[in-house]
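Below is one structure, written out as structure tokens; comments come after it.
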Amino acid sequence: MNDLGDGTRCVHAGLPEPAPGQPFLPGPVFAAPYHLDPWAGPAASPNGYGRPDNPTRRLLEAAIGELEGGDCRVFASGQAAITGLLLTVLRPGDAVVLPTDGYFPVRAFATDVLAALGVRVLFAPTVGPYPSFEGVRLVLVETPANPGLDVVDVAALADRAHAAGALLAVDNTTATPLGQRPLDLGADLVVASGTKALTGHSDLLLGYLASRSTELVEAVTTWRTTTGSVPGAFDAWLAHRSLATLDLRLARQSANAEAVAALLADRADVTGLRWPGRPEDPAYPVASTQMRRMPGVLSFDLGDADRVSRFVAASRLVVAATSFGGLHTTADRRAQWGDDTAPGFVRLSCGVEDTADLVADITSALDAAR
């Protein structure tokens with residue numbers, strides 16, 4: 001389906017072949033055990049037990065795999081996917097390079113768990129400088145980085161990692177597979193939280209990992225089966241249903257982010273504006289060539305925590321919430337969660353509200369929060 005447009009691919013991704021009398025997307029299959037063949041046992045059917053086997057989950061994996069361009073396995077959350085990746089690939093004595101400006105819980109997991117297991121943990125900013133990759137087993141980057149929105153050249157980083165014998169994994173949460181396809185750029189693995197823009201309705205937790213390496217996918221599958229870190233059938237069905245509107249949602253979110261970025265750039269009372277789609281942004285030269293579309297997320301600084309609170313309280317459309325990529329515009333003061341950000345730093349996730357309404361509301365709220 002790679003010859004089709006994004007909207008078409010999202011609508012049809014992972015659906016079974018049409019059959020008279022059957023729904024477009026079959027409903028969720030709720031099962032722990034399944035009927036087994038009395039003679040052949042589990043060899044007779046792809047469904048033996050609910051932890052490793054579920055047809056609703058497989059349809060979702062086929063859909064995300066089509067969009068990412070690899071074989072996909074879904075997890076109970078984004079954190080489950082990324083920790084599953086790290087614990088599958090890394091062994092005592094290995095070294096891993098992680099971003100200093102990526103998702104904070106991943107760094108905490110590395111220092112609290114991986115280091116205690118004998119894994120050497122190295123950190124580097126998304127845009128570098130990077131340490132030597134000699135002796136490194138895995139390089140993990142998040143691009144655009146969350147929450148600072150820096151962007152790294154994935155193809156160049158893949159070449160450098162592979163030259164040293166390392167694997168490259170890319171966290172594609174912020175971009176989604178419609179924004180960029182890291183596997184096409186040379187990455188070995190893609191990991192992401194499907195909780196955010198991919199499913200986009202703020203009603204489920206989901207993570208996934210995708211790769212073109214049969215060996216890596218089999219290892220991850222074994223890990224997931226052993227640990228039981230699977231999403232439920234209803235969450236998998238909700239996620240698949242939500243994928244159909246991904247192209248439409250991203251288009252409005254990106255347009256809103258562009259308009260809000262233009263508004264904020266003209267205000268002297270807002271500093272530190274970041275959005276990779278602005279030609280003035282440090283990430284733009286790489287993002288404009290590497291990414292197929294820009295995210296609906298931007299960041300800026302209002303100076304202090306109290307002003308952030310006044311801004312959100314004065315807004316009719318912006319609500320305080322963590323996570324991002326949903327239908328509603330949200331503001332998250334990341335310092336309250338432990339991120340190494342300034343007290344007034346805000347990650348703003350643009351929803352799908354009418355652009356004019358959102359710009360007018362943010363303007364009014366910023367004025368009131370002075």
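In the structure tokens, the first chain shown is A, the next is B, and so on; residue numbers restart at 1 for each chain, and ligands run from 1 in the order shown.
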Counting only C-alpha atoms, which residues in segment 269-327 of chain A sit no more than 10 Å from segment 233-250 of chain A? For each one, give the nearest pair of atoms and the distance in Å, sorted by chain then residue number, as CSV.
residue,atom,partner,partner_atom,distance
A:Arg293,CA,A:Leu250,CA,8.5
A:Met294,CA,A:Leu250,CA,8.5
A:Pro295,CA,A:Leu250,CA,7.2
A:Gly296,CA,A:Leu250,CA,6.9
A:Gly325,CA,A:Leu250,CA,8.5
A:Gly326,CA,A:Arg249,CA,8.7
A:Leu327,CA,A:Arg249,CA,7.6
Counting only C-alpha atoms, which residues of segment 92-158 of chain A sit at most 10 Å from some atom of segment 78-82 of chain A, and what is each one's closest atom pair with its distance in Å to one decimal, listed by chain and rising residue number, as JSON lines?
{"residue": "A:Tyr103", "atom": "CA", "partner": "A:Gln79", "partner_atom": "CA", "distance": 9.6}
{"residue": "A:Pro105", "atom": "CA", "partner": "A:Gln79", "partner_atom": "CA", "distance": 7.9}
{"residue": "A:Val106", "atom": "CA", "partner": "A:Gln79", "partner_atom": "CA", "distance": 7.6}
{"residue": "A:Phe109", "atom": "CA", "partner": "A:Gln79", "partner_atom": "CA", "distance": 9.6}
{"residue": "A:Leu140", "atom": "CA", "partner": "A:Ile82", "partner_atom": "CA", "distance": 9.7}
Same residues, all heavy atoms, output as a PDB file, in the first residue's frame:
ATOM      1  N   TYR A 103      12.587  11.227  26.905  1.00  0.00           N
ATOM      2  CA  TYR A 103      11.571  10.929  27.909  1.00  0.00           C
ATOM      3  C   TYR A 103      12.238  10.563  29.239  1.00  0.00           C
ATOM      4  O   TYR A 103      13.011   9.604  29.323  1.00  0.00           O
ATOM      5  CB  TYR A 103      10.695   9.784  27.406  1.00  0.00           C
ATOM      6  CG  TYR A 103       9.465   9.503  28.217  1.00  0.00           C
ATOM      7  CD1 TYR A 103       8.628  10.533  28.631  1.00  0.00           C
ATOM      8  CD2 TYR A 103       9.122   8.192  28.540  1.00  0.00           C
ATOM      9  CE1 TYR A 103       7.484  10.275  29.360  1.00  0.00           C
ATOM     10  CE2 TYR A 103       7.975   7.918  29.267  1.00  0.00           C
ATOM     11  CZ  TYR A 103       7.161   8.955  29.680  1.00  0.00           C
ATOM     12  OH  TYR A 103       6.025   8.698  30.402  1.00  0.00           O
ATOM     13  N   PRO A 105      11.374   9.105  32.181  1.00  0.00           N
ATOM     14  CA  PRO A 105      11.330   7.771  32.799  1.00  0.00           C
ATOM     15  C   PRO A 105      12.292   6.762  32.172  1.00  0.00           C
ATOM     16  O   PRO A 105      12.692   5.807  32.851  1.00  0.00           O
ATOM     17  CB  PRO A 105       9.870   7.343  32.600  1.00  0.00           C
ATOM     18  CG  PRO A 105       9.116   8.620  32.573  1.00  0.00           C
ATOM     19  CD  PRO A 105      10.016   9.557  31.825  1.00  0.00           C
ATOM     20  N   VAL A 106      12.667   6.961  30.913  1.00  0.00           N
ATOM     21  CA  VAL A 106      13.633   6.045  30.288  1.00  0.00           C
ATOM     22  C   VAL A 106      15.008   6.234  30.926  1.00  0.00           C
ATOM     23  O   VAL A 106      15.714   5.253  31.212  1.00  0.00           O
ATOM     24  CB  VAL A 106      13.696   6.277  28.766  1.00  0.00           C
ATOM     25  CG1 VAL A 106      14.761   5.386  28.133  1.00  0.00           C
ATOM     26  CG2 VAL A 106      12.332   6.004  28.140  1.00  0.00           C
ATOM     27  N   PHE A 109      14.889   4.653  34.366  1.00  0.00           N
ATOM     28  CA  PHE A 109      14.967   3.190  34.275  1.00  0.00           C
ATOM     29  C   PHE A 109      16.403   2.745  34.027  1.00  0.00           C
ATOM     30  O   PHE A 109      16.870   1.759  34.614  1.00  0.00           O
ATOM     31  CB  PHE A 109      14.060   2.700  33.145  1.00  0.00           C
ATOM     32  CG  PHE A 109      14.133   1.217  32.902  1.00  0.00           C
ATOM     33  CD1 PHE A 109      13.427   0.335  33.705  1.00  0.00           C
ATOM     34  CD2 PHE A 109      14.912   0.698  31.877  1.00  0.00           C
ATOM     35  CE1 PHE A 109      13.485  -1.035  33.494  1.00  0.00           C
ATOM     36  CE2 PHE A 109      14.985  -0.666  31.657  1.00  0.00           C
ATOM     37  CZ  PHE A 109      14.269  -1.533  32.466  1.00  0.00           C
ATOM     38  N   LEU A 140      19.955   4.653  21.345  1.00  0.00           N
ATOM     39  CA  LEU A 140      18.538   5.003  21.318  1.00  0.00           C
ATOM     40  C   LEU A 140      18.397   6.512  21.232  1.00  0.00           C
ATOM     41  O   LEU A 140      18.983   7.241  22.040  1.00  0.00           O
ATOM     42  CB  LEU A 140      17.828   4.488  22.577  1.00  0.00           C
ATOM     43  CG  LEU A 140      16.377   4.960  22.786  1.00  0.00           C
ATOM     44  CD1 LEU A 140      15.463   4.390  21.713  1.00  0.00           C
ATOM     45  CD2 LEU A 140      15.883   4.561  24.174  1.00  0.00           C
TER      46      LEU A 140
END
Q) Quick one: residues within 9 Å of Pro231 of chain A, only C-alpha atoms counted, chain neighbours fewer than 3 positions away excluded, as a PyMOL selection string? A) chain A and resi 57+74-77+205-207+234-236
Q) Where does DSSP see alpha helix (DSSP H) in segment 156-198 of chain A, if you list the residues as a ChimeraX atom specification? A) /A:156-163,176-179
Output N, CA and C atoms of each residue in that selection to a file, as a CSV table (one decimal), in the first residue's frame.
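Contents of the output file selection-v9.csv:
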chain,number,residue,atom,x,y,z
A,156,ALA,N,22.4,9.6,9.1
A,156,ALA,CA,23.8,9.8,9.5
A,156,ALA,C,24.1,9.1,10.8
A,157,LEU,N,23.2,9.1,11.7
A,157,LEU,CA,23.4,8.4,13.0
A,157,LEU,C,23.4,6.9,12.8
A,158,ALA,N,22.6,6.4,11.9
A,158,ALA,CA,22.6,5.0,11.6
A,158,ALA,C,23.9,4.5,11.0
A,159,ASP,N,24.4,5.3,10.1
A,159,ASP,CA,25.7,5.0,9.5
A,159,ASP,C,26.8,4.9,10.5
A,160,ARG,N,26.8,5.9,11.4
A,160,ARG,CA,27.8,5.9,12.5
A,160,ARG,C,27.7,4.7,13.4
A,161,ALA,N,26.5,4.4,13.8
A,161,ALA,CA,26.2,3.3,14.8
A,161,ALA,C,26.6,2.0,14.1
A,162,HIS,N,26.2,1.8,12.9
A,162,HIS,CA,26.5,0.5,12.2
A,162,HIS,C,28.0,0.3,12.0
A,163,ALA,N,28.7,1.4,11.7
A,163,ALA,CA,30.1,1.3,11.5
A,163,ALA,C,30.8,0.8,12.8
A,176,THR,N,5.2,10.1,14.8
A,176,THR,CA,4.4,9.1,14.3
A,176,THR,C,4.9,8.6,12.9
A,177,PRO,N,4.4,7.4,12.5
A,177,PRO,CA,4.9,6.9,11.2
A,177,PRO,C,4.5,7.7,10.0
A,178,LEU,N,3.5,8.6,10.2
A,178,LEU,CA,3.2,9.5,9.1
A,178,LEU,C,4.2,10.7,9.0
A,179,GLY,N,4.8,11.0,10.1
A,179,GLY,CA,5.8,12.1,10.2
A,179,GLY,C,7.1,11.7,9.7
Q: Identify, on the basis of only C-alpha atoms, every residue whose closest approach to Pro282 of chain A does not exceed 12 Å; exclude the query and any residue fewer than 4 positions from it along the same chain; express the result as an MDAnalysis selection string.
A: chainID A and resid 127 144 148:152 272:278 286:288
Emit the selected residues as a tab-separated table (two decimals), in the first residue's frame, including all heavy atoms.
chain	number	residue	atom	x	y	z
A	127	VAL	N	21.05	16.17	19.67
A	127	VAL	CA	21.83	16.72	18.57
A	127	VAL	C	23.33	16.57	18.80
A	127	VAL	O	24.13	17.13	18.04
A	127	VAL	CB	21.47	18.21	18.35
A	127	VAL	CG1	20.04	18.34	17.87
A	127	VAL	CG2	21.70	19.03	19.62
A	144	PRO	N	11.51	13.89	16.79
A	144	PRO	CA	11.86	15.01	17.65
A	144	PRO	C	11.85	14.61	19.12
A	144	PRO	O	11.02	13.83	19.55
A	144	PRO	CB	10.76	16.04	17.36
A	144	PRO	CG	10.25	15.70	16.00
A	144	PRO	CD	10.33	14.21	15.93
A	148	GLY	N	11.95	18.79	24.38
A	148	GLY	CA	12.63	19.95	23.81
A	148	GLY	C	12.53	20.10	22.31
A	148	GLY	O	12.85	21.17	21.77
A	149	LEU	N	12.15	19.00	21.59
A	149	LEU	CA	11.88	19.03	20.15
A	149	LEU	C	13.11	19.21	19.28
A	149	LEU	O	13.00	19.66	18.14
A	149	LEU	CB	10.82	20.09	19.82
A	149	LEU	CG	9.47	19.88	20.50
A	149	LEU	CD1	8.52	21.03	20.21
A	149	LEU	CD2	8.85	18.56	20.06
A	150	ASP	N	14.29	18.84	19.77
A	150	ASP	CA	15.45	18.76	18.90
A	150	ASP	C	15.30	17.57	17.95
A	150	ASP	O	14.60	16.59	18.25
A	150	ASP	CB	16.74	18.60	19.72
A	150	ASP	CG	17.33	19.94	20.12
A	150	ASP	OD1	17.13	20.92	19.38
A	150	ASP	OD2	17.98	20.02	21.18
A	151	VAL	N	15.99	17.66	16.81
A	151	VAL	CA	15.89	16.64	15.77
A	151	VAL	C	17.29	16.22	15.36
A	151	VAL	O	18.18	17.06	15.21
A	151	VAL	CB	15.11	17.17	14.54
A	151	VAL	CG1	15.16	16.18	13.39
A	151	VAL	CG2	13.66	17.47	14.92
A	152	VAL	N	17.49	14.90	15.18
A	152	VAL	CA	18.78	14.38	14.76
A	152	VAL	C	18.63	13.74	13.38
A	152	VAL	O	17.58	13.21	13.03
A	152	VAL	CB	19.34	13.37	15.78
A	152	VAL	CG1	18.50	12.09	15.82
A	152	VAL	CG2	20.80	13.02	15.48
A	272	GLY	N	12.02	31.13	24.31
A	272	GLY	CA	12.40	29.73	24.11
A	272	GLY	C	11.49	28.93	23.20
A	272	GLY	O	11.39	27.70	23.34
A	273	LEU	N	10.82	29.58	22.27
A	273	LEU	CA	9.89	28.88	21.39
A	273	LEU	C	10.61	27.83	20.55
A	273	LEU	O	11.64	28.12	19.94
A	273	LEU	CB	9.19	29.88	20.47
A	273	LEU	CG	8.30	29.29	19.36
A	273	LEU	CD1	7.13	28.51	19.97
A	273	LEU	CD2	7.81	30.39	18.43
A	274	ARG	N	10.06	26.61	20.54
A	274	ARG	CA	10.58	25.54	19.68
A	274	ARG	C	9.43	24.86	18.95
A	274	ARG	O	8.44	24.44	19.54
A	274	ARG	CB	11.33	24.49	20.52
A	274	ARG	CG	12.60	24.98	21.19
A	274	ARG	CD	13.66	25.45	20.19
A	274	ARG	NE	13.97	24.46	19.17
A	274	ARG	CZ	14.90	23.51	19.28
A	274	ARG	NH1	15.61	23.40	20.42
A	274	ARG	NH2	15.14	22.68	18.29
A	275	TRP	N	9.58	24.76	17.65
A	275	TRP	CA	8.71	23.95	16.79
A	275	TRP	C	9.51	23.64	15.53
A	275	TRP	O	9.95	24.58	14.84
A	275	TRP	CB	7.41	24.67	16.45
A	275	TRP	CG	6.46	23.78	15.69
A	275	TRP	CD1	5.92	22.60	16.11
A	275	TRP	CD2	5.94	24.00	14.36
A	275	TRP	NE1	5.10	22.06	15.14
A	275	TRP	CE2	5.10	22.90	14.06
A	275	TRP	CE3	6.12	25.01	13.41
A	275	TRP	CZ2	4.43	22.79	12.85
A	275	TRP	CZ3	5.45	24.89	12.21
A	275	TRP	CH2	4.61	23.81	11.93
A	276	PRO	N	9.75	22.38	15.21
A	276	PRO	CA	10.65	22.03	14.10
A	276	PRO	C	10.19	22.53	12.74
A	276	PRO	O	10.99	22.59	11.80
A	276	PRO	CB	10.66	20.49	14.12
A	276	PRO	CG	10.23	20.12	15.50
A	276	PRO	CD	9.28	21.19	15.94
A	277	GLY	N	8.91	22.93	12.63
A	277	GLY	CA	8.40	23.41	11.36
A	277	GLY	C	8.71	24.87	11.06
A	277	GLY	O	8.48	25.33	9.93
A	278	ARG	N	9.23	25.61	12.02
A	278	ARG	CA	9.58	27.02	11.79
A	278	ARG	C	10.94	27.11	11.12
A	278	ARG	O	11.92	26.53	11.60
A	278	ARG	CB	9.63	27.79	13.10
A	278	ARG	CG	8.31	28.03	13.77
A	278	ARG	CD	8.49	28.94	14.99
A	278	ARG	NE	8.80	30.31	14.58
A	278	ARG	CZ	9.83	31.01	15.02
A	278	ARG	NH1	10.72	30.48	15.85
A	278	ARG	NH2	10.02	32.25	14.62
A	286	VAL	N	17.27	19.91	9.41
A	286	VAL	CA	17.18	18.44	9.35
A	286	VAL	C	15.72	18.01	9.24
A	286	VAL	O	15.37	17.16	8.42
A	286	VAL	CB	17.84	17.79	10.58
A	286	VAL	CG1	17.62	16.28	10.57
A	286	VAL	CG2	19.33	18.10	10.61
A	287	ALA	N	14.86	18.60	10.06
A	287	ALA	CA	13.46	18.20	10.08
A	287	ALA	C	12.78	18.39	8.73
A	287	ALA	O	11.98	17.56	8.29
A	287	ALA	CB	12.70	18.98	11.15
A	288	SER	N	13.11	19.46	8.04
A	288	SER	CA	12.44	19.77	6.77
A	288	SER	C	12.80	18.78	5.67
A	288	SER	O	12.06	18.65	4.69
A	288	SER	CB	12.78	21.20	6.33
A	288	SER	OG	14.18	21.34	6.14
**Q.** Test item, strand (DSSP E or B) assignment across segment 2-69 of chain A, answer as number ranges by chain
**A.** A: 33, 37, 41, 49
Q: Grab the atom CA of Asp112 of chain A to atom CA of Val96 of chain A distance for me, in Å with one decimal place.
A: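 Going from atom CA of Asp112 of chain A over to atom CA of Val96 of chain A covers 14.1 Å.
What separates atom CA of Glu17 of chain A from atom CA of Leu59 of chain A is a distance of 11.5 Å.
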